[in-house]
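work_14.tsv (TSV, C-alpha atoms)
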```
chain	number	residue	atom	x	y	z
A	1	MET	CA	-42.77	-71.08	20.76
A	2	ALA	CA	-46.06	-70.59	18.89
A	3	VAL	CA	-47.55	-67.10	18.64
A	4	MET	CA	-51.16	-66.63	19.87
A	5	LYS	CA	-51.65	-70.29	20.74
A	6	PHE	CA	-55.12	-71.33	21.99
A	7	LYS	CA	-56.91	-74.55	22.85
A	8	PHE	CA	-60.20	-75.31	21.10
A	9	ASN	CA	-62.94	-77.85	21.62
A	10	GLN	CA	-65.78	-78.53	19.18
A	11	LYS	CA	-67.99	-75.82	20.67
A	12	LYS	CA	-65.27	-73.15	20.43
A	13	ARG	CA	-64.40	-74.15	16.87
A	14	VAL	CA	-68.06	-73.84	15.84
A	15	LYS	CA	-68.35	-70.42	17.52
A	16	LEU	CA	-65.15	-69.25	15.83
A	17	ALA	CA	-66.38	-70.43	12.41
A	18	GLN	CA	-69.78	-68.79	12.89
A	19	GLY	CA	-68.23	-65.53	14.12
A	20	LEU	CA	-65.84	-65.45	11.18
A	21	TRP	CA	-68.72	-66.14	8.77
A	22	LEU	CA	-70.58	-63.09	10.14
A	23	MET	CA	-67.42	-60.94	10.07
A	24	ASN	CA	-66.73	-61.91	6.47
A	25	TRP	CA	-70.18	-60.88	5.30
A	26	PHE	CA	-69.91	-57.66	7.28
A	27	SER	CA	-66.60	-57.08	5.48
A	28	VAL	CA	-68.35	-57.68	2.14
A	29	PHE	CA	-70.70	-54.83	3.07
A	30	ALA	CA	-67.67	-52.71	4.07
A	31	GLY	CA	-66.16	-53.52	0.66
A	32	ILE	CA	-69.29	-52.21	-1.05
A	33	VAL	CA	-68.98	-49.00	1.02
A	34	VAL	CA	-65.30	-48.58	0.03
A	35	PHE	CA	-66.18	-49.24	-3.62
A	36	ALA	CA	-68.92	-46.59	-3.45
A	37	MET	CA	-66.52	-44.11	-1.80
A	38	GLY	CA	-63.94	-44.65	-4.55
A	39	LEU	CA	-66.60	-44.20	-7.22
A	40	PHE	CA	-67.89	-41.02	-5.56
A	41	LEU	CA	-64.37	-39.56	-5.25
A	42	LYS	CA	-63.61	-40.41	-8.88
A	43	ILE	CA	-66.79	-38.66	-10.04
A	44	GLU	CA	-66.02	-35.60	-7.88
A	45	LEU	CA	-62.48	-35.38	-9.29
A	46	ARG	CA	-63.68	-35.91	-12.84
A	47	LYS	CA	-66.19	-33.06	-12.43
A	48	ARG	CA	-63.25	-30.68	-12.08
A	49	SER	CA	-60.68	-32.56	-14.16
A	50	ASP	CA	-60.39	-29.50	-16.45
A	51	LEU	CA	-58.96	-27.59	-13.49
A	52	MET	CA	-56.37	-30.24	-12.63
A	53	ASP	CA	-52.99	-30.47	-14.27
A	54	ASN	CA	-52.72	-34.27	-14.58
A	55	SER	CA	-54.57	-37.55	-14.07
A	56	GLU	CA	-52.44	-38.75	-11.10
A	57	SER	CA	-55.17	-37.58	-8.74
A	58	HIS	CA	-57.30	-40.55	-9.90
A	59	PHE	CA	-54.81	-43.01	-8.38
A	60	VAL	CA	-56.48	-42.98	-4.94
A	61	PRO	CA	-60.11	-43.44	-6.15
A	62	ASN	CA	-58.94	-46.25	-8.48
A	63	CYS	CA	-57.24	-47.95	-5.51
A	64	LEU	CA	-60.38	-47.55	-3.38
A	65	ILE	CA	-62.51	-49.12	-6.12
A	66	LEU	CA	-60.03	-52.02	-6.38
A	67	VAL	CA	-59.98	-52.51	-2.59
A	68	GLY	CA	-63.78	-52.56	-2.50
A	69	LEU	CA	-64.02	-55.18	-5.27
A	70	LEU	CA	-61.30	-57.38	-3.74
A	71	CYS	CA	-62.91	-57.11	-0.30
A	72	CYS	CA	-66.18	-58.44	-1.70
A	73	ALA	CA	-64.44	-61.25	-3.59
A	74	PHE	CA	-62.04	-62.37	-0.84
A	75	ASN	CA	-64.50	-62.15	2.02
A	76	GLY	CA	-67.27	-63.85	0.07
A	77	PHE	CA	-64.82	-66.69	-0.58
A	78	ALA	CA	-63.66	-66.74	3.07
A	79	GLY	CA	-67.30	-66.80	4.22
A	80	LYS	CA	-67.83	-69.96	2.16
A	81	ILE	CA	-64.73	-71.56	3.73
A	82	CYS	CA	-65.95	-70.71	7.26
A	83	TYR	CA	-69.38	-72.13	6.48
A	84	ASP	CA	-67.90	-75.38	5.11
A	85	SER	CA	-65.52	-75.71	8.08
A	86	LEU	CA	-68.50	-76.83	10.19
A	87	ASP	CA	-68.59	-80.01	8.08
A	88	PRO	CA	-65.21	-81.90	8.03
A	89	THR	CA	-65.99	-83.55	4.67
A	90	LYS	CA	-66.69	-80.21	2.99
A	91	PHE	CA	-63.72	-78.51	4.67
A	92	ALA	CA	-61.30	-81.15	3.32
A	93	LYS	CA	-61.45	-79.66	-0.20
A	94	TRP	CA	-60.30	-76.25	1.10
A	95	LYS	CA	-57.27	-77.52	3.06
A	96	PRO	CA	-54.78	-77.61	0.13
A	97	ILE	CA	-55.38	-73.97	-0.83
A	98	LEU	CA	-56.04	-72.41	2.57
A	99	LYS	CA	-52.39	-71.62	3.35
A	100	LEU	CA	-51.93	-69.96	-0.04
A	101	TYR	CA	-55.17	-68.03	0.49
A	102	LEU	CA	-53.89	-66.73	3.85
A	103	ILE	CA	-50.67	-65.52	2.18
A	104	VAL	CA	-52.75	-63.68	-0.44
A	105	CYS	CA	-54.84	-62.16	2.39
A	106	PHE	CA	-51.65	-60.98	4.11
A	107	VAL	CA	-50.48	-59.22	0.92
A	108	PHE	CA	-53.95	-57.77	0.41
A	109	ASN	CA	-53.98	-56.35	3.95
A	110	ILE	CA	-50.64	-54.63	3.30
A	111	PHE	CA	-52.18	-53.12	0.16
A	112	ILE	CA	-55.21	-51.86	2.16
A	113	PHE	CA	-52.89	-50.23	4.71
A	114	PHE	CA	-50.97	-48.36	1.99
A	115	VAL	CA	-54.21	-47.25	0.33
A	116	ALA	CA	-55.29	-45.77	3.68
A	117	LEU	CA	-51.95	-43.93	3.87
A	118	PHE	CA	-52.38	-42.63	0.32
A	119	CYS	CA	-55.74	-41.15	1.35
A	120	PHE	CA	-53.99	-39.08	4.02
A	121	LEU	CA	-50.88	-38.23	1.97
A	122	MET	CA	-52.55	-37.21	-1.30
A	123	ARG	CA	-52.91	-33.60	-0.16
A	124	GLY	CA	-49.41	-32.64	-1.36
A	125	SER	CA	-49.79	-33.92	-4.94
A	126	LEU	CA	-53.34	-32.57	-5.14
A	127	ASP	CA	-52.14	-29.13	-4.03
A	128	ALA	CA	-49.62	-28.99	-6.88
A	129	THR	CA	-52.00	-30.25	-9.55
A	130	LEU	CA	-54.75	-27.81	-8.46
A	131	ALA	CA	-52.34	-24.84	-8.46
A	132	LYS	CA	-51.23	-25.55	-12.05
A	133	GLY	CA	-54.68	-26.53	-13.28
A	134	LEU	CA	-56.46	-23.47	-11.87
A	135	LYS	CA	-53.81	-21.15	-13.29
A	136	SER	CA	-54.24	-22.77	-16.70
A	137	GLY	CA	-58.04	-22.53	-16.41
A	138	MET	CA	-57.88	-18.82	-15.56
A	139	LYS	CA	-55.64	-18.27	-18.58
A	140	PHE	CA	-58.30	-19.76	-20.89
A	141	TYR	CA	-61.26	-18.10	-19.14
A	142	ARG	CA	-61.64	-15.57	-21.95
A	143	ASP	CA	-61.58	-18.16	-24.78
A	144	THR	CA	-65.37	-18.49	-25.06
A	145	ASP	CA	-65.12	-18.75	-28.87
A	146	THR	CA	-62.28	-21.29	-28.97
A	147	PRO	CA	-63.33	-24.93	-29.53
A	148	GLY	CA	-62.31	-27.11	-26.60
A	149	ARG	CA	-62.05	-24.14	-24.23
A	150	CYS	CA	-65.43	-22.45	-24.63
A	151	PHE	CA	-66.70	-24.21	-21.47
A	152	MET	CA	-63.87	-22.94	-19.22
A	153	LYS	CA	-65.62	-19.66	-18.31
A	154	LYS	CA	-68.74	-21.46	-17.11
A	155	THR	CA	-66.63	-24.06	-15.24
A	156	ILE	CA	-64.67	-21.44	-13.31
A	157	ASP	CA	-67.71	-19.24	-12.64
A	158	MET	CA	-69.66	-22.20	-11.25
A	159	LEU	CA	-66.64	-23.23	-9.16
A	160	GLN	CA	-66.26	-19.76	-7.63
A	161	ILE	CA	-69.96	-19.51	-6.86
A	162	GLU	CA	-70.23	-23.03	-5.39
A	163	PHE	CA	-67.07	-22.89	-3.24
A	164	LYS	CA	-67.30	-19.14	-2.44
A	165	CYS	CA	-63.77	-18.52	-3.67
A	166	CYS	CA	-61.97	-16.26	-6.12
A	167	GLY	CA	-58.88	-16.87	-8.24
A	168	ASN	CA	-56.14	-19.39	-7.53
A	169	ASN	CA	-54.75	-18.04	-4.24
A	170	GLY	CA	-57.05	-15.00	-4.03
A	171	PHE	CA	-58.90	-12.37	-6.07
A	172	ARG	CA	-55.63	-10.54	-6.95
A	173	ASP	CA	-54.69	-13.46	-9.24
A	174	TRP	CA	-57.21	-12.17	-11.78
A	175	PHE	CA	-55.16	-8.96	-12.15
A	176	GLU	CA	-52.44	-11.03	-13.88
A	177	PHE	CA	-54.70	-12.52	-16.57
A	178	GLN	CA	-56.69	-11.08	-19.45
A	179	TRP	CA	-60.03	-12.61	-18.57
A	180	ILE	CA	-62.09	-10.41	-20.92
A	181	SER	CA	-62.31	-11.77	-24.49
A	182	ASN	CA	-60.97	-9.60	-27.34
A	183	ARG	CA	-64.40	-9.98	-28.88
A	184	TYR	CA	-65.83	-7.61	-26.25
A	185	LEU	CA	-63.04	-5.00	-26.39
A	186	ASP	CA	-63.36	-1.80	-28.34
A	187	PHE	CA	-59.94	-1.49	-29.97
A	188	ALA	CA	-60.84	2.01	-31.20
A	189	SER	CA	-60.94	3.14	-27.56
A	190	LYS	CA	-57.86	4.99	-26.30
A	191	GLU	CA	-58.09	3.32	-22.88
A	192	VAL	CA	-58.04	-0.17	-24.42
A	193	LYS	CA	-55.11	0.75	-26.70
A	194	ASP	CA	-53.13	2.23	-23.82
A	195	ARG	CA	-53.66	-0.80	-21.60
A	196	ILE	CA	-52.62	-3.21	-24.35
A	197	LYS	CA	-49.54	-1.13	-25.25
A	198	SER	CA	-48.50	-0.87	-21.60
A	199	ASN	CA	-48.32	-4.66	-21.34
A	200	VAL	CA	-45.27	-6.52	-22.69
A	201	ASP	CA	-47.39	-9.47	-23.91
A	202	GLY	CA	-50.02	-7.22	-25.43
A	203	ARG	CA	-52.74	-8.32	-23.02
A	204	TYR	CA	-55.63	-6.27	-21.70
A	205	LEU	CA	-55.08	-6.42	-17.93
A	206	VAL	CA	-57.41	-4.73	-15.45
A	207	ASP	CA	-57.65	-4.61	-11.67
A	208	GLY	CA	-61.01	-6.36	-11.82
A	209	VAL	CA	-62.53	-9.80	-11.30
A	210	PRO	CA	-65.36	-11.85	-12.88
A	211	PHE	CA	-68.86	-11.47	-11.43
A	212	SER	CA	-68.65	-14.92	-9.81
A	213	CYS	CA	-66.15	-13.52	-7.29
A	214	CYS	CA	-68.81	-11.25	-5.77
A	215	ASN	CA	-70.11	-12.06	-2.31
A	216	PRO	CA	-73.93	-11.76	-2.41
A	217	SER	CA	-74.06	-11.40	1.38
A	218	SER	CA	-72.30	-8.04	1.21
A	219	PRO	CA	-74.65	-5.05	1.78
A	220	ARG	CA	-72.67	-2.96	-0.70
A	221	PRO	CA	-73.11	-3.41	-4.48
A	222	CYS	CA	-70.29	-5.54	-5.84
A	223	ILE	CA	-67.11	-3.68	-6.75
A	224	GLN	CA	-65.56	-5.92	-9.38
A	225	TYR	CA	-63.80	-3.27	-11.50
A	226	GLN	CA	-61.08	-0.87	-10.39
A	227	VAL	CA	-60.81	-2.86	-7.19
A	228	SER	CA	-57.50	-1.27	-6.20
A	229	ASN	CA	-58.54	2.31	-7.12
A	230	ASN	CA	-59.82	4.08	-3.99
A	231	SER	CA	-60.81	7.26	-5.84
A	232	ALA	CA	-63.08	5.34	-8.23
A	233	HIS	CA	-65.55	4.48	-5.46
A	234	TYR	CA	-67.21	6.50	-2.72
A	235	SER	CA	-66.21	5.79	0.87
A	236	TYR	CA	-63.87	3.02	-0.16
A	237	ASP	CA	-60.42	2.00	1.02
A	238	TYR	CA	-58.79	-0.83	-0.86
A	239	GLN	CA	-56.22	-1.52	1.87
A	240	THR	CA	-58.43	-1.56	4.96
A	241	GLU	CA	-62.01	-2.19	3.93
A	242	GLU	CA	-63.33	-5.71	3.86
A	243	LEU	CA	-64.10	-6.17	0.18
A	244	ASN	CA	-67.36	-7.61	-1.07
A	245	LEU	CA	-65.39	-10.26	-2.96
A	246	TRP	CA	-64.54	-13.77	-1.82
A	247	ASN	CA	-61.12	-13.55	-0.13
A	248	ARG	CA	-60.37	-17.26	-0.17
A	249	GLY	CA	-58.60	-18.72	-3.20
A	250	CYS	CA	-60.19	-21.64	-5.05
A	251	ARG	CA	-57.08	-23.80	-4.61
A	252	GLU	CA	-57.43	-23.60	-0.84
A	253	ALA	CA	-61.20	-24.20	-1.05
A	254	LEU	CA	-60.88	-27.27	-3.31
A	255	LEU	CA	-57.93	-28.61	-1.34
A	256	LYS	CA	-59.88	-28.37	1.91
A	257	TYR	CA	-62.92	-30.02	0.30
A	258	TYR	CA	-61.00	-32.96	-1.16
A	259	SER	CA	-58.64	-33.34	1.81
A	260	SER	CA	-61.47	-33.60	4.35
A	261	MET	CA	-63.23	-36.08	2.07
A	262	MET	CA	-60.13	-38.26	1.64
A	263	SER	CA	-59.24	-38.08	5.34
A	264	SER	CA	-62.70	-39.46	6.18
A	265	MET	CA	-62.23	-42.17	3.56
A	266	GLY	CA	-58.79	-42.95	4.98
A	267	VAL	CA	-60.32	-43.54	8.43
A	268	VAL	CA	-62.92	-45.89	6.91
A	269	VAL	CA	-60.20	-47.80	5.01
A	270	LEU	CA	-58.15	-48.12	8.22
A	271	LEU	CA	-61.19	-49.62	9.98
A	272	VAL	CA	-61.62	-52.05	7.07
A	273	TYR	CA	-57.90	-52.91	7.43
A	274	ILE	CA	-58.35	-53.70	11.13
A	275	LEU	CA	-61.40	-55.85	10.28
A	276	GLU	CA	-59.51	-57.69	7.53
A	277	VAL	CA	-56.52	-58.37	9.81
A	278	SER	CA	-58.89	-59.72	12.50
A	279	ILE	CA	-60.55	-62.01	9.94
A	280	MET	CA	-57.16	-63.23	8.69
A	281	ILE	CA	-56.00	-64.03	12.24
A	282	GLY	CA	-59.31	-65.78	13.02
A	283	LEU	CA	-59.15	-67.79	9.79
A	284	ARG	CA	-55.59	-68.84	10.59
A	285	LEU	CA	-56.67	-69.99	14.08
A	286	LEU	CA	-59.58	-71.92	12.57
A	287	HIS	CA	-57.30	-73.49	9.96
A	288	THR	CA	-54.66	-74.64	12.47
A	289	SER	CA	-57.22	-75.79	15.06
A	290	LEU	CA	-58.90	-78.04	12.47
A	291	GLU	CA	-55.59	-79.34	11.12
A	292	SER	CA	-54.28	-80.22	14.59
A	293	ILE	CA	-57.24	-82.48	15.48
A	294	THR	CA	-55.56	-85.74	16.56
A	295	ASN	CA	-58.61	-87.95	16.11
A	296	PRO	CA	-60.74	-86.91	13.10
A	297	GLU	CA	-63.36	-89.54	14.02
A	298	ASP	CA	-63.98	-87.80	17.32
A	299	PRO	CA	-65.25	-84.28	16.49
A	300	ASP	CA	-65.51	-83.34	20.19
A	301	CYS	CA	-61.79	-83.78	20.86
A	302	GLU	CA	-59.64	-80.80	21.76
A	303	SER	CA	-57.12	-79.23	19.40
A	304	GLU	CA	-54.67	-76.36	19.35
A	305	GLY	CA	-54.76	-73.34	17.10
A	306	TRP	CA	-52.06	-70.73	16.53
A	307	VAL	CA	-51.23	-67.83	14.27
A	308	LEU	CA	-47.52	-68.68	13.90
A	309	GLU	CA	-46.23	-72.16	14.67
A	310	LYS	CA	-42.87	-70.73	15.76
A	311	SER	CA	-41.87	-67.37	17.19
A	312	PHE	CA	-41.87	-64.36	14.88
A	313	LYS	CA	-38.06	-64.33	14.70
A	314	GLU	CA	-37.83	-68.04	13.89
A	315	THR	CA	-40.61	-67.74	11.29
A	316	MET	CA	-38.80	-64.87	9.55
A	317	LYS	CA	-35.54	-66.83	9.61
A	318	SER	CA	-37.10	-69.96	8.12
A	319	THR	CA	-38.91	-67.85	5.48
A	320	MET	CA	-35.63	-66.20	4.42
A	321	GLU	CA	-33.92	-69.59	4.24
A	322	SER	CA	-36.74	-70.95	2.07
A	323	LEU	CA	-36.44	-67.96	-0.26
A	324	LYS	CA	-32.65	-68.44	-0.50
A	325	LYS	CA	-33.12	-72.13	-1.34
A	326	MET	CA	-35.65	-71.24	-4.02
A	327	GLY	CA	-33.19	-68.70	-5.47
A	328	LYS	CA	-30.37	-71.28	-5.53
A	329	VAL	CA	-32.61	-73.89	-7.20
A	330	ASN	CA	-33.61	-71.38	-9.89
A	331	GLN	CA	-29.94	-70.44	-10.42
A	332	VAL	CA	-28.89	-74.10	-10.79
A	333	GLU	CA	-31.73	-74.73	-13.24
A	334	ALA	CA	-30.74	-71.66	-15.28
A	335	GLN	CA	-27.07	-72.78	-15.38
A	336	GLY	CA	-28.17	-76.28	-16.37
A	337	ALA	CA	-30.25	-74.90	-19.21
A	338	GLU	CA	-27.29	-72.79	-20.39
A	339	GLY	CA	-24.99	-75.86	-20.22
A	340	GLU	CA	-27.40	-77.96	-22.26
A	341	GLY	CA	-27.66	-75.15	-24.84
A	342	GLY	CA	-23.83	-74.94	-25.09
A	343	THR	CA	-23.49	-78.72	-25.49
A	344	LYS	CA	-26.07	-78.75	-28.29
A	345	THR	CA	-24.28	-75.88	-30.08
A	346	GLN	CA	-20.94	-77.71	-29.82
A	347	ALA	CA	-22.48	-80.94	-31.15
A	348	VAL	CA	-23.98	-79.10	-34.14
A	349	THR	CA	-20.57	-77.50	-34.88
A	350	THR	CA	-18.83	-80.94	-34.73
A	351	VAL	CA	-21.34	-82.51	-37.11
A	352	SER	CA	-20.90	-79.63	-39.52
```
Encoded form using structure tokens:
Amino acid sequence: MAVMKFKFNQKKRVKLAQGLWLMNWFSVFAGIVVFAMGLFLKIELRKRSDLMDNSESHFVPNCLILVGLLCCAFNGFAGKICYDSLDPTKFAKWKPILKLYLIVCFVFNIFIFFVALFCFLMRGSLDATLAKGLKSGMKFYRDTDTPGRCFMKKTIDMLQIEFKCCGNNGFRDWFEFQWISNRYLDFASKEVKDRIKSNVDGRYLVDGVPFSCCNPSSPRPCIQYQVSNNSAHYSYDYQTEELNLWNRGCREALLKYYSSMMSSMGVVVLLVYILEVSIMIGLRLLHTSLESITNPEDPDCESEGWVLEKSFKETMKSTMESLKKMGKVNQVEAQGAEGEGGTKTQAVTTVS
């Protein structure tokens, strides 16, 4: 029994072709939108690539760019087919390749669906790469005189100001790193010597944070040094008072920013997927309704269109059988080639 079987007359076939033509060009526009989204996401990730541990995060934007380009190409091509289907003589040239094109569309739609899933599932990998990248960036914050790292201070300061965040998971992360360059330390000072000697790695660690962690909305002047020392500041309690520093970590801030962006993109890609599946089904109905016309000389005659000629179970069974036959044919051909090679070798040996 055929799946989604419908009867069509000339008027319905024309309406279907015209509707599909419009849908295809709308899908071309959707492809441009997806391409632009992928490009935007790639630029946003590249802006902060120095704070990411690897390049795997560019997999999703690359996929979005590819989906956008393929959408434009496939739907532009399908729009031409739908336009030519109104003229039987023009449509005849597309008949031999239309079935293959529908198979390619089916594979493409599966790819779109997985890209949409990747948009929603990328949060986990992005979380890990941001955690490692931010920690590495904080480690090199002080290297303002080192070639290749001299930009890291500005990058992190701009990040903390823009996203209103501090450190990796919070402002306390800065206590674990020497973020002040040796160039600005007075090694003749007893305090500096004591701090360096008290650290196993010989680093100058302080309970302070860079200026970019300060919250300008706070009425109190920023306390960025001796943050955990209550006696160093008047009317100050490190444990209970709401500090005038950003409490949120930059990993959380960036993760929220990128996750919300990719979730929105995932919804758009899912809508494009639904549109592409609808176009594929409509194109299949148009293809079968034109092929099943009994009298080509009478364009007004009725015809039947379907998505699957047999039931889904029977179609899967016949597809598996076809694949098995193809596998057996390839195996026989391979064995034949090996047999011919062996015969030739034996003949050469005999002649020798």
Inset, instruction - May I ask for the distance between atom CA of A:Leu159 and atom CA of A:Cys63, given in Å to one decimal place? - result: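 Result for atom CA of A:Leu159 versus atom CA of A:Cys63: 26.7 Å, one decimal.
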Legend entry - Counting all atoms listed in the file, the option among A:Val206, A:Met158, A:Val272, A:Leu286 closest to A:Arg172: A:Val206
Legend entry - Nearest residue to A:Cys250 from the set A:Ser125, A:Ser292, A:Asn9, A:Asn169 (distances using all atoms listed in the file):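 Of all the options, A:Asn169 lies closest to A:Cys250.
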Give one line per residue of stretch 208-301 of chain A that approaches stretch 151-155 of chain A to at most 12 Å, naming the two atoms of the closest pair and their distance in Å to one decimal, counting all atoms listed in the file; sort by chain then ascending residue number and deliver it as JSON lines.
```
{"residue": "A:Pro210", "atom": "CA", "partner": "A:Lys153", "partner_atom": "CA", "distance": 9.5}
{"residue": "A:Phe211", "atom": "CA", "partner": "A:Lys153", "partner_atom": "CA", "distance": 11.2}
{"residue": "A:Ser212", "atom": "CA", "partner": "A:Lys154", "partner_atom": "CA", "distance": 9.8}
```
Inset, instruction - Show which residues sit within 10 Å of A:Leu245, as a PyMOL selection string. Count only C-alpha atoms, and ignore same-chain residues fewer than 6 positions away. - result: chain A and resi 164-166+170-171+209+211-218+222-224+227
Inset, instruction - Would you kindly return, as a PyMOL selection string, each protein, DNA or RNA residue with an atom no farther than 10 Å from any atom of A:Tyr258, considering all atoms listed in the file and excluding same-chain residues fewer than 4 positions away? - result: chain A and resi 41+44-45+122-123+126+253-254+262-264
Legend entry - A:Leu130 environment, 8 Å, all atoms listed in the file, sequence neighbours closer than 3 positions dropped, as number ranges by chain: A: 51-53, 126-127, 133-134, 251, 255
Legend entry - A:Tyr238, A:Trp25, A:Tyr83, A:Phe77 ranked by distance to A:Ile97, top pick (using all atoms listed in the file): A:Phe77
Inset, instruction - May I ask which of the residues A:Phe118, A:Asp50, A:Ile103, A:Phe187 is the closest one to A:Lys135, counting all atoms listed in the file? - result: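 Checking each candidate against A:Lys135, we get A:Asp50 as the closest.
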Inset, instruction - May I have the protein, DNA and RNA residues with any atom at most 12 Å from the point (-61.9, -71.0, 8.2), counting only C-alpha atoms, written as JSON, numbers by chain? - result: {"A": [13, 14, 15, 16, 17, 18, 19, 20, 21, 22, 23, 24, 75, 77, 78, 79, 80, 81, 82, 83, 84, 85, 86, 87, 88, 90, 91, 92, 94, 95, 97, 98, 99, 101, 102, 279, 280, 281, 282, 283, 284, 285, 286, 287, 288, 289, 290, 291, 305]}
Inset, instruction - Work out how far apart atom CA of A:Asn199 and atom CA of A:Gly167 are and give it in Å to one decimal. - result: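 Interatomic distance, atom CA of A:Asn199 to atom CA of A:Gly167: 20.8 Å.
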Legend entry - Which of A:Leu185, A:Ala36, A:Leu64, A:Val307 sits closest to A:Leu117 [using only C-alpha atoms]: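 Using only C-alpha atoms, A:Leu117 sits closest to A:Leu64.
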